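Heads up, model.json below (JSON, C-alpha atoms):
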```
[["chain", "number", "residue", "atom", "x", "y", "z"],
["A", 1, "MET", "CA", -33.63, 29.26, -12.20],
["A", 2, "PRO", "CA", -30.34, 29.36, -14.17],
["A", 3, "SER", "CA", -29.05, 26.28, -15.96],
["A", 4, "ILE", "CA", -25.61, 24.72, -15.55],
["A", 5, "ASN", "CA", -24.57, 26.10, -18.94],
["A", 6, "THR", "CA", -25.70, 29.61, -18.07],
["A", 7, "VAL", "CA", -23.95, 29.61, -14.69],
["A", 8, "LEU", "CA", -20.72, 28.28, -16.19],
["A", 9, "ALA", "CA", -20.71, 30.77, -19.06],
["A", 10, "GLU", "CA", -21.17, 33.72, -16.71],
["A", 11, "ALA", "CA", -18.55, 32.40, -14.29],
["A", 12, "ALA", "CA", -15.95, 31.74, -16.98],
["A", 13, "LYS", "CA", -16.42, 35.25, -18.38],
["A", 14, "SER", "CA", -15.95, 36.78, -14.93],
["A", 15, "LEU", "CA", -12.71, 34.82, -14.37],
["A", 16, "GLN", "CA", -10.94, 35.67, -17.61],
["A", 17, "ALA", "CA", -9.01, 38.51, -16.03],
["A", 18, "VAL", "CA", -7.59, 36.37, -13.22],
["A", 19, "SER", "CA", -7.20, 32.91, -14.72],
["A", 20, "ASP", "CA", -5.67, 31.35, -17.80],
["A", 21, "SER", "CA", -8.08, 28.44, -17.40],
["A", 22, "ALA", "CA", -11.30, 30.33, -16.64],
["A", 23, "LEU", "CA", -13.75, 27.69, -17.89],
["A", 24, "LEU", "CA", -11.90, 24.85, -16.19],
["A", 25, "ASP", "CA", -11.84, 26.79, -12.91],
["A", 26, "ALA", "CA", -15.55, 27.49, -13.23],
["A", 27, "GLU", "CA", -16.30, 23.82, -13.86],
["A", 28, "VAL", "CA", -14.11, 22.54, -11.02],
["A", 29, "MET", "CA", -15.73, 24.89, -8.51],
["A", 30, "LEU", "CA", -19.24, 24.02, -9.64],
["A", 31, "CYS", "CA", -18.43, 20.31, -9.34],
["A", 32, "THR", "CA", -17.27, 20.97, -5.77],
["A", 33, "VAL", "CA", -20.53, 22.73, -4.89],
["A", 34, "LEU", "CA", -22.70, 20.08, -6.55],
["A", 35, "GLY", "CA", -20.64, 17.09, -5.44],
["A", 36, "LYS", "CA", -20.50, 15.87, -9.03],
["A", 37, "GLU", "CA", -17.87, 14.92, -11.62],
["A", 38, "ARG", "CA", -17.19, 17.19, -14.60],
["A", 39, "SER", "CA", -18.87, 14.65, -16.88],
["A", 40, "TYR", "CA", -22.14, 15.50, -15.12],
["A", 41, "LEU", "CA", -21.90, 19.10, -16.31],
["A", 42, "ARG", "CA", -21.56, 17.98, -19.91],
["A", 43, "THR", "CA", -24.29, 15.37, -19.65],
["A", 44, "TRP", "CA", -26.84, 17.73, -18.10],
["A", 45, "PRO", "CA", -25.94, 21.23, -19.37],
["A", 46, "ASP", "CA", -29.58, 22.39, -19.28],
["A", 47, "GLN", "CA", -30.18, 21.18, -15.72],
["A", 48, "GLU", "CA", -31.56, 24.06, -13.66],
["A", 49, "LEU", "CA", -29.85, 24.81, -10.35],
["A", 50, "ASP", "CA", -31.60, 25.60, -7.09],
["A", 51, "PRO", "CA", -30.88, 28.91, -5.34],
["A", 52, "GLY", "CA", -28.87, 27.27, -2.55],
["A", 53, "PRO", "CA", -26.13, 25.81, -4.76],
["A", 54, "VAL", "CA", -26.10, 28.97, -6.90],
["A", 55, "ASP", "CA", -25.50, 31.15, -3.83],
["A", 56, "ALA", "CA", -22.75, 28.84, -2.56],
["A", 57, "TYR", "CA", -21.16, 28.88, -6.00],
["A", 58, "ARG", "CA", -21.20, 32.66, -6.21],
["A", 59, "THR", "CA", -19.47, 32.86, -2.83],
["A", 60, "ILE", "CA", -16.48, 30.79, -3.92],
["A", 61, "LEU", "CA", -16.54, 32.37, -7.36],
["A", 62, "ASN", "CA", -16.00, 35.73, -5.68],
["A", 63, "GLU", "CA", -12.99, 34.27, -3.84],
["A", 64, "ARG", "CA", -11.51, 33.14, -7.14],
["A", 65, "GLN", "CA", -12.18, 36.56, -8.68],
["A", 66, "GLN", "CA", -10.03, 38.01, -5.88],
["A", 67, "GLY", "CA", -7.20, 35.70, -6.98],
["A", 68, "LYS", "CA", -7.47, 33.02, -4.30],
["A", 69, "PRO", "CA", -5.92, 29.80, -5.66],
["A", 70, "ILE", "CA", -8.38, 27.22, -6.91],
["A", 71, "ALA", "CA", -6.63, 24.54, -4.80],
["A", 72, "TYR", "CA", -7.38, 26.46, -1.59],
["A", 73, "ILE", "CA", -10.98, 27.06, -2.63],
["A", 74, "ILE", "CA", -11.80, 23.42, -3.36],
["A", 75, "GLY", "CA", -9.38, 22.06, -0.73],
["A", 76, "ASN", "CA", -7.36, 19.63, -2.83],
["A", 77, "ARG", "CA", -4.76, 19.29, -5.58],
["A", 78, "GLU", "CA", -3.58, 16.31, -7.62],
["A", 79, "PHE", "CA", 0.03, 15.19, -7.33],
["A", 80, "TRP", "CA", 1.57, 12.01, -8.75],
["A", 81, "SER", "CA", -1.94, 10.83, -9.73],
["A", 82, "ARG", "CA", -3.20, 11.14, -6.15],
["A", 83, "ASP", "CA", -5.56, 13.71, -4.66],
["A", 84, "PHE", "CA", -4.11, 15.58, -1.68],
["A", 85, "LYS", "CA", -5.94, 17.80, 0.76],
["A", 86, "VAL", "CA", -4.49, 21.30, 0.90],
["A", 87, "SER", "CA", -5.15, 24.45, 2.88],
["A", 88, "PRO", "CA", -3.59, 27.92, 3.23],
["A", 89, "ASP", "CA", -1.34, 26.36, 5.92],
["A", 90, "VAL", "CA", 0.71, 24.57, 3.24],
["A", 91, "LEU", "CA", 2.17, 25.16, -0.18],
["A", 92, "ILE", "CA", 0.13, 24.08, -3.18],
["A", 93, "PRO", "CA", 1.69, 20.95, -4.75],
["A", 94, "ARG", "CA", 3.34, 21.71, -8.08],
["A", 95, "PRO", "CA", 4.55, 19.54, -10.97],
["A", 96, "ASP", "CA", 8.14, 20.77, -10.39],
["A", 97, "THR", "CA", 8.33, 18.67, -7.22],
["A", 98, "GLU", "CA", 7.66, 15.48, -9.19],
["A", 99, "LEU", "CA", 11.26, 15.80, -10.40],
["A", 100, "LEU", "CA", 12.45, 15.38, -6.82],
["A", 101, "ILE", "CA", 10.21, 12.31, -6.49],
["A", 102, "GLU", "CA", 11.50, 10.76, -9.72],
["A", 103, "PHE", "CA", 15.15, 10.95, -8.69],
["A", 104, "SER", "CA", 14.44, 9.83, -5.13],
["A", 105, "LEU", "CA", 12.63, 6.74, -6.40],
["A", 106, "GLU", "CA", 15.69, 5.88, -8.48],
["A", 107, "LEU", "CA", 17.73, 5.82, -5.27],
["A", 108, "ILE", "CA", 15.32, 3.84, -3.09],
["A", 109, "PRO", "CA", 15.46, 0.06, -3.65],
["A", 110, "THR", "CA", 12.14, -1.70, -4.22],
["A", 111, "ASN", "CA", 12.77, -4.83, -2.18],
["A", 112, "GLN", "CA", 14.83, -4.00, 0.88],
["A", 113, "PRO", "CA", 14.74, -1.67, 3.91],
["A", 114, "TYR", "CA", 15.83, 1.91, 3.35],
["A", 115, "LYS", "CA", 15.56, 4.97, 5.60],
["A", 116, "ALA", "CA", 14.47, 8.31, 4.17],
["A", 117, "ILE", "CA", 13.25, 11.56, 5.69],
["A", 118, "ASP", "CA", 11.28, 14.45, 4.18],
["A", 119, "LEU", "CA", 12.10, 17.78, 5.83],
["A", 120, "GLY", "CA", 9.34, 20.41, 5.79],
["A", 121, "THR", "CA", 6.72, 17.99, 4.55],
["A", 122, "GLY", "CA", 3.82, 20.48, 4.26],
["A", 123, "SER", "CA", 0.82, 18.56, 2.89],
["A", 124, "GLY", "CA", 2.93, 15.40, 2.89],
["A", 125, "ILE", "CA", 3.13, 14.90, -0.86],
["A", 126, "ILE", "CA", 6.79, 13.84, -0.90],
["A", 127, "ALA", "CA", 6.78, 11.50, 2.10],
["A", 128, "ILE", "CA", 3.43, 9.92, 1.19],
["A", 129, "THR", "CA", 4.37, 9.39, -2.45],
["A", 130, "LEU", "CA", 7.70, 7.79, -1.53],
["A", 131, "ALA", "CA", 6.04, 5.57, 1.07],
["A", 132, "ALA", "CA", 3.31, 4.50, -1.35],
["A", 133, "GLU", "CA", 5.73, 3.76, -4.18],
["A", 134, "ARG", "CA", 8.36, 2.08, -1.99],
["A", 135, "PRO", "CA", 6.47, 0.23, 0.77],
["A", 136, "GLN", "CA", 9.64, -1.47, 2.05],
["A", 137, "ALA", "CA", 11.21, 1.91, 2.90],
["A", 138, "HIS", "CA", 11.03, 3.49, 6.34],
["A", 139, "ILE", "CA", 9.90, 7.08, 5.80],
["A", 140, "SER", "CA", 9.96, 9.94, 8.31],
["A", 141, "ALA", "CA", 8.54, 13.44, 7.80],
["A", 142, "THR", "CA", 8.90, 16.71, 9.69],
["A", 143, "ASP", "CA", 7.28, 20.11, 9.75],
["A", 144, "ILE", "CA", 7.52, 22.98, 12.20],
["A", 145, "SER", "CA", 3.84, 23.86, 11.66],
["A", 146, "PRO", "CA", 1.31, 21.84, 13.70],
["A", 147, "ALA", "CA", -1.41, 22.67, 11.15],
["A", 148, "ALA", "CA", 0.70, 21.43, 8.26],
["A", 149, "LEU", "CA", 1.62, 18.26, 10.12],
["A", 150, "GLN", "CA", -2.03, 17.56, 10.90],
["A", 151, "LEU", "CA", -2.89, 17.95, 7.21],
["A", 152, "ALA", "CA", -0.03, 15.65, 6.18],
["A", 153, "GLN", "CA", -1.24, 12.99, 8.61],
["A", 154, "ALA", "CA", -4.77, 13.31, 7.21],
["A", 155, "ASN", "CA", -3.41, 12.82, 3.70],
["A", 156, "ALA", "CA", -1.44, 9.76, 4.80],
["A", 157, "ALA", "CA", -4.63, 8.27, 6.26],
["A", 158, "LYS", "CA", -6.57, 9.18, 3.10],
["A", 159, "HIS", "CA", -4.11, 7.23, 0.98],
["A", 160, "ASN", "CA", -3.82, 4.39, 3.48],
["A", 161, "VAL", "CA", -0.12, 5.00, 4.05],
["A", 162, "GLN", "CA", 0.50, 4.06, 7.67],
["A", 163, "ALA", "CA", 4.27, 3.60, 7.81],
["A", 164, "ILE", "CA", 5.37, 7.25, 8.01],
["A", 165, "GLN", "CA", 6.76, 8.63, 11.27],
["A", 166, "PHE", "CA", 5.72, 12.28, 11.62],
["A", 167, "TYR", "CA", 7.60, 14.77, 13.82],
["A", 168, "GLN", "CA", 6.91, 18.39, 14.67],
["A", 169, "SER", "CA", 10.42, 19.70, 14.26],
["A", 170, "ASN", "CA", 12.43, 22.58, 12.86],
["A", 171, "TRP", "CA", 14.41, 20.51, 10.36],
["A", 172, "PHE", "CA", 16.39, 17.97, 12.43],
["A", 173, "ASP", "CA", 15.93, 19.54, 15.87],
["A", 174, "LYS", "CA", 13.40, 17.07, 17.31],
["A", 175, "ILE", "CA", 14.35, 13.98, 15.31],
["A", 176, "PRO", "CA", 15.37, 10.90, 17.33],
["A", 177, "ALA", "CA", 18.98, 9.76, 17.05],
["A", 178, "GLY", "CA", 19.72, 7.75, 13.95],
["A", 179, "LYS", "CA", 20.87, 8.10, 10.38],
["A", 180, "PHE", "CA", 19.20, 8.06, 7.00],
["A", 181, "ASP", "CA", 20.07, 6.74, 3.57],
["A", 182, "LEU", "CA", 18.21, 9.63, 1.94],
["A", 183, "ILE", "CA", 17.27, 13.15, 3.04],
["A", 184, "VAL", "CA", 14.88, 15.06, 0.79],
["A", 185, "SER", "CA", 13.42, 18.54, 1.12],
["A", 186, "ASN", "CA", 11.51, 21.22, -0.72],
["A", 187, "PRO", "CA", 12.49, 24.03, 1.67],
["A", 188, "PRO", "CA", 11.79, 27.77, 1.50],
["A", 189, "TYR", "CA", 14.10, 29.20, -1.16],
["A", 190, "LEU", "CA", 12.72, 32.56, -2.30],
["A", 191, "ALA", "CA", 14.45, 35.79, -1.34],
["A", 192, "GLU", "CA", 12.39, 38.33, 0.60],
["A", 193, "ASP", "CA", 12.42, 40.72, -2.36],
["A", 194, "ASP", "CA", 11.58, 38.11, -5.00],
["A", 195, "GLU", "CA", 9.07, 39.69, -7.39],
["A", 196, "HIS", "CA", 7.19, 36.40, -7.79],
["A", 197, "LEU", "CA", 5.88, 36.75, -4.23],
["A", 198, "GLN", "CA", 3.52, 39.44, -5.50],
["A", 199, "GLN", "CA", 2.20, 37.31, -8.35],
["A", 200, "GLY", "CA", -0.38, 34.56, -8.78],
["A", 201, "ASP", "CA", -0.88, 31.87, -6.17],
["A", 202, "LEU", "CA", 2.24, 32.83, -4.22],
["A", 203, "ARG", "CA", 0.39, 35.87, -2.83],
["A", 204, "PHE", "CA", -1.82, 33.50, -0.82],
["A", 205, "GLU", "CA", 0.66, 30.80, 0.21],
["A", 206, "PRO", "CA", 2.35, 30.73, 3.65],
["A", 207, "LYS", "CA", 5.39, 33.01, 3.58],
["A", 208, "THR", "CA", 7.22, 30.84, 6.11],
["A", 209, "ALA", "CA", 7.20, 28.02, 3.54],
["A", 210, "LEU", "CA", 8.40, 30.28, 0.73],
["A", 211, "ILE", "CA", 10.93, 32.82, 2.01],
["A", 212, "ALA", "CA", 14.45, 32.21, 3.33],
["A", 213, "ALA", "CA", 17.17, 34.64, 4.35],
["A", 214, "GLN", "CA", 20.50, 35.02, 2.55],
["A", 215, "GLN", "CA", 18.80, 35.47, -0.83],
["A", 216, "GLY", "CA", 16.77, 32.32, -0.33],
["A", 217, "LEU", "CA", 19.65, 30.04, 0.61],
["A", 218, "SER", "CA", 19.68, 30.01, 4.44],
["A", 219, "ASP", "CA", 17.44, 26.98, 4.94],
["A", 220, "ILE", "CA", 19.19, 24.98, 2.23],
["A", 221, "ARG", "CA", 22.50, 25.83, 3.91],
["A", 222, "THR", "CA", 21.19, 24.73, 7.32],
["A", 223, "ILE", "CA", 19.86, 21.46, 5.93],
["A", 224, "ALA", "CA", 22.99, 20.66, 3.92],
["A", 225, "THR", "CA", 25.27, 21.44, 6.85],
["A", 226, "THR", "CA", 23.37, 19.39, 9.41],
["A", 227, "ALA", "CA", 22.58, 16.53, 7.03],
["A", 228, "ARG", "CA", 26.22, 15.45, 7.03],
["A", 229, "ASP", "CA", 25.80, 14.12, 10.58],
["A", 230, "LYS", "CA", 22.44, 12.51, 9.73],
["A", 231, "LEU", "CA", 23.37, 10.60, 6.58],
["A", 232, "GLU", "CA", 24.66, 7.07, 6.43],
["A", 233, "ASN", "CA", 28.02, 6.66, 4.73],
["A", 234, "GLY", "CA", 27.23, 7.19, 1.04],
["A", 235, "GLY", "CA", 23.76, 8.58, 1.71],
["A", 236, "PHE", "CA", 22.15, 11.21, -0.51],
["A", 237, "LEU", "CA", 20.78, 14.70, 0.08],
["A", 238, "VAL", "CA", 18.23, 15.88, -2.51],
["A", 239, "VAL", "CA", 16.76, 19.41, -2.41],
["A", 240, "GLU", "CA", 14.46, 21.43, -4.59],
["A", 241, "HIS", "CA", 15.49, 25.04, -5.24],
["A", 242, "GLY", "CA", 14.91, 28.03, -7.48],
["A", 243, "TYR", "CA", 15.67, 27.84, -11.19],
["A", 244, "ASN", "CA", 18.47, 30.41, -10.76],
["A", 245, "GLN", "CA", 20.10, 28.85, -7.68],
["A", 246, "GLN", "CA", 21.83, 25.87, -9.26],
["A", 247, "ASN", "CA", 25.37, 27.26, -9.06],
["A", 248, "ASP", "CA", 24.96, 28.54, -5.51],
["A", 249, "VAL", "CA", 23.55, 25.23, -4.27],
["A", 250, "GLN", "CA", 26.18, 23.16, -6.05],
["A", 251, "ASN", "CA", 28.97, 25.35, -4.65],
["A", 252, "LEU", "CA", 27.44, 24.99, -1.19],
["A", 253, "PHE", "CA", 27.28, 21.20, -1.48],
["A", 254, "ARG", "CA", 30.86, 21.11, -2.75],
["A", 255, "SER", "CA", 32.14, 23.29, 0.09],
["A", 256, "LEU", "CA", 30.50, 20.98, 2.62],
["A", 257, "GLY", "CA", 32.18, 17.87, 1.23],
["A", 258, "TYR", "CA", 29.39, 16.33, -0.83],
["A", 259, "CYS", "CA", 30.41, 14.44, -3.96],
["A", 260, "ASN", "CA", 28.67, 13.13, -7.08],
["A", 261, "ILE", "CA", 26.74, 16.40, -7.17],
["A", 262, "GLN", "CA", 24.11, 16.51, -9.90],
["A", 263, "ALA", "CA", 21.61, 19.05, -11.21],
["A", 264, "HIS", "CA", 18.23, 17.77, -12.37],
["A", 265, "THR", "CA", 16.13, 19.80, -14.80],
["A", 266, "ASP", "CA", 12.36, 20.17, -14.85],
["A", 267, "LEU", "CA", 10.05, 19.80, -17.86],
["A", 268, "SER", "CA", 10.91, 23.30, -19.05],
["A", 269, "GLY", "CA", 14.63, 22.55, -18.93],
["A", 270, "GLN", "CA", 15.32, 24.60, -15.79],
["A", 271, "PRO", "CA", 17.61, 23.22, -13.05],
["A", 272, "ARG", "CA", 15.18, 22.62, -10.18],
["A", 273, "VAL", "CA", 16.72, 19.89, -7.99],
["A", 274, "THR", "CA", 20.26, 19.28, -6.77],
["A", 275, "SER", "CA", 21.51, 16.02, -5.31],
["A", 276, "GLY", "CA", 24.73, 15.13, -3.56],
["A", 277, "GLN", "CA", 26.24, 12.07, -1.93],
["A", 278, "TYR", "CA", 28.06, 12.27, 1.38],
["A", 279, "LEU", "CA", 31.11, 10.17, 2.04],
["A", 280, "PRO", "CA", 32.65, 11.17, 5.38],
["A", 281, "PRO", "CA", 36.38, 11.93, 5.33],
["A", 282, "SER", "CA", 38.37, 8.80, 6.22]]
```

Can you present the structure in this file as structure tokens?
Amino acid sequence: MPSINTVLAEAAKSLQAVSDSALLDAEVMLCTVLGKERSYLRTWPDQELDPGPVDAYRTILNERQQGKPIAYIIGNREFWSRDFKVSPDVLIPRPDTELLIEFSLELIPTNQPYKAIDLGTGSGIIAITLAAERPQAHISATDISPAALQLAQANAAKHNVQAIQFYQSNWFDKIPAGKFDLIVSNPPYLAEDDEHLQQGDLRFEPKTALIAAQQGLSDIRTIATTARDKLENGGFLVVEHGYNQQNDVQNLFRSLGYCNIQAHTDLSGQPRVTSGQYLPPS
């Protein structure tokens, strides 16, 4: 029977063509099969593995060799120091979205009521993180996909966040009457012909959560237009967008009457989030 070291070495070698972190991927998948932490692999490298776990491991290893994202294979991804369940029904959480969280948390007071809504919540990472970090806030979350909404609710339960109101809705369509102090969204923003759609993890992620018409701007335009009637006086709209869409999004916000428009850059210095405040004409 092969040892842990032998299995990992063979797996890492087979993944070099599809992964920049071949050994890490191999370890994470083996931990999933064995139900162990990575420290176990280092503590017991010569431990021999039974045929059952080896067969199960080779099955998911083959999926990874075909390019399937590691997050979909193991069923979770870390975000903001929390583990979130993910599936091919939702986008894989990415560090870029933490920028949206950081700015939103600056806006939400820590000790008083505040109403915020996350549009297109997917796995729920934005709504759940905001609710966990600001327990006094009233958070709502929407998604048009029943499968995504079910996953978001499961993640909320996993992290013991009970205060989120979930709605199956196409943006604001099915939201009860009322206004919000903050509207946040990581909407689809890739153009249909974006070359990145044929690369890496994006090949496996739901196209409805990635692609928008009008060169990736149609959903942002819909949200920004409708949000004006859903924001309290002085409320904020915060959206994530493509690194090359800053000018288009800022011009859109400006044309719709938003003020105090700001661009927020990610860790690589790329503009990734735009915020604007809405003050209705007097």

Distance criterion (all atoms listed in the file): nearest to Val239 (chain A) out of A:Gly122, A:Pro69, A:Pro95, A:Pro188 =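 Smallest separation from Val239 (chain A) among the options: A:Pro188.
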
Need to verify the contact set: Ile125 (chain A), 8 Å, only C-alpha atoms, exclusion of same-chain residues closer than 6 positions in sequence. Can you return it as a PDB file with C-alpha atoms, in the frame of the given file?
```
ATOM      1  CA  PHE A  79       0.030  15.190  -7.330  1.00  0.00           C
ATOM      2  CA  PHE A  84      -4.110  15.580  -1.680  1.00  0.00           C
ATOM      3  CA  PRO A  93       1.690  20.950  -4.750  1.00  0.00           C
ATOM      4  CA  ALA A 152      -0.030  15.650   6.180  1.00  0.00           C
TER       5      ALA A 152
END
```

Find the distance between CA of Ala132 (chain A) and CA of Gly75 (chain A) and write it in Å to one decimal.
->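 So the two atoms, CA of Ala132 (chain A) and CA of Gly75 (chain A), lie 21.7 Å apart.
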
Which residue gives the smallest distance to Leu130 (chain A) among A:Ile101, A:Arg58, A:Val28, A:Gln153, with all atoms listed in the file counted?
-> A:Ile101

Atom pair CA of Ile211 (chain A) / CA of Ala116 (chain A): separation (Å) |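 Going from CA of Ile211 (chain A) over to CA of Ala116 (chain A) covers 24.9 Å.
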
Separation of CA of Ala212 (chain A) from CA of Asp83 (chain A) in Å = 28.4 Å

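Of the listed residues A:Ile60, A:Thr208, A:Gln250, A:Ile223, the one whose atoms come nearest to Glu192 (chain A) is A:Thr208, with distances taken using all atoms listed in the file.
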
So which residues touch Pro53 (chain A) within 12 Å, counting all atoms listed in the file, skipping near sequence neighbours fewer than 5 positions away, as a VMD selection string?
-> chain A and resid 1 to 4 7 29 to 35 48 58 to 61
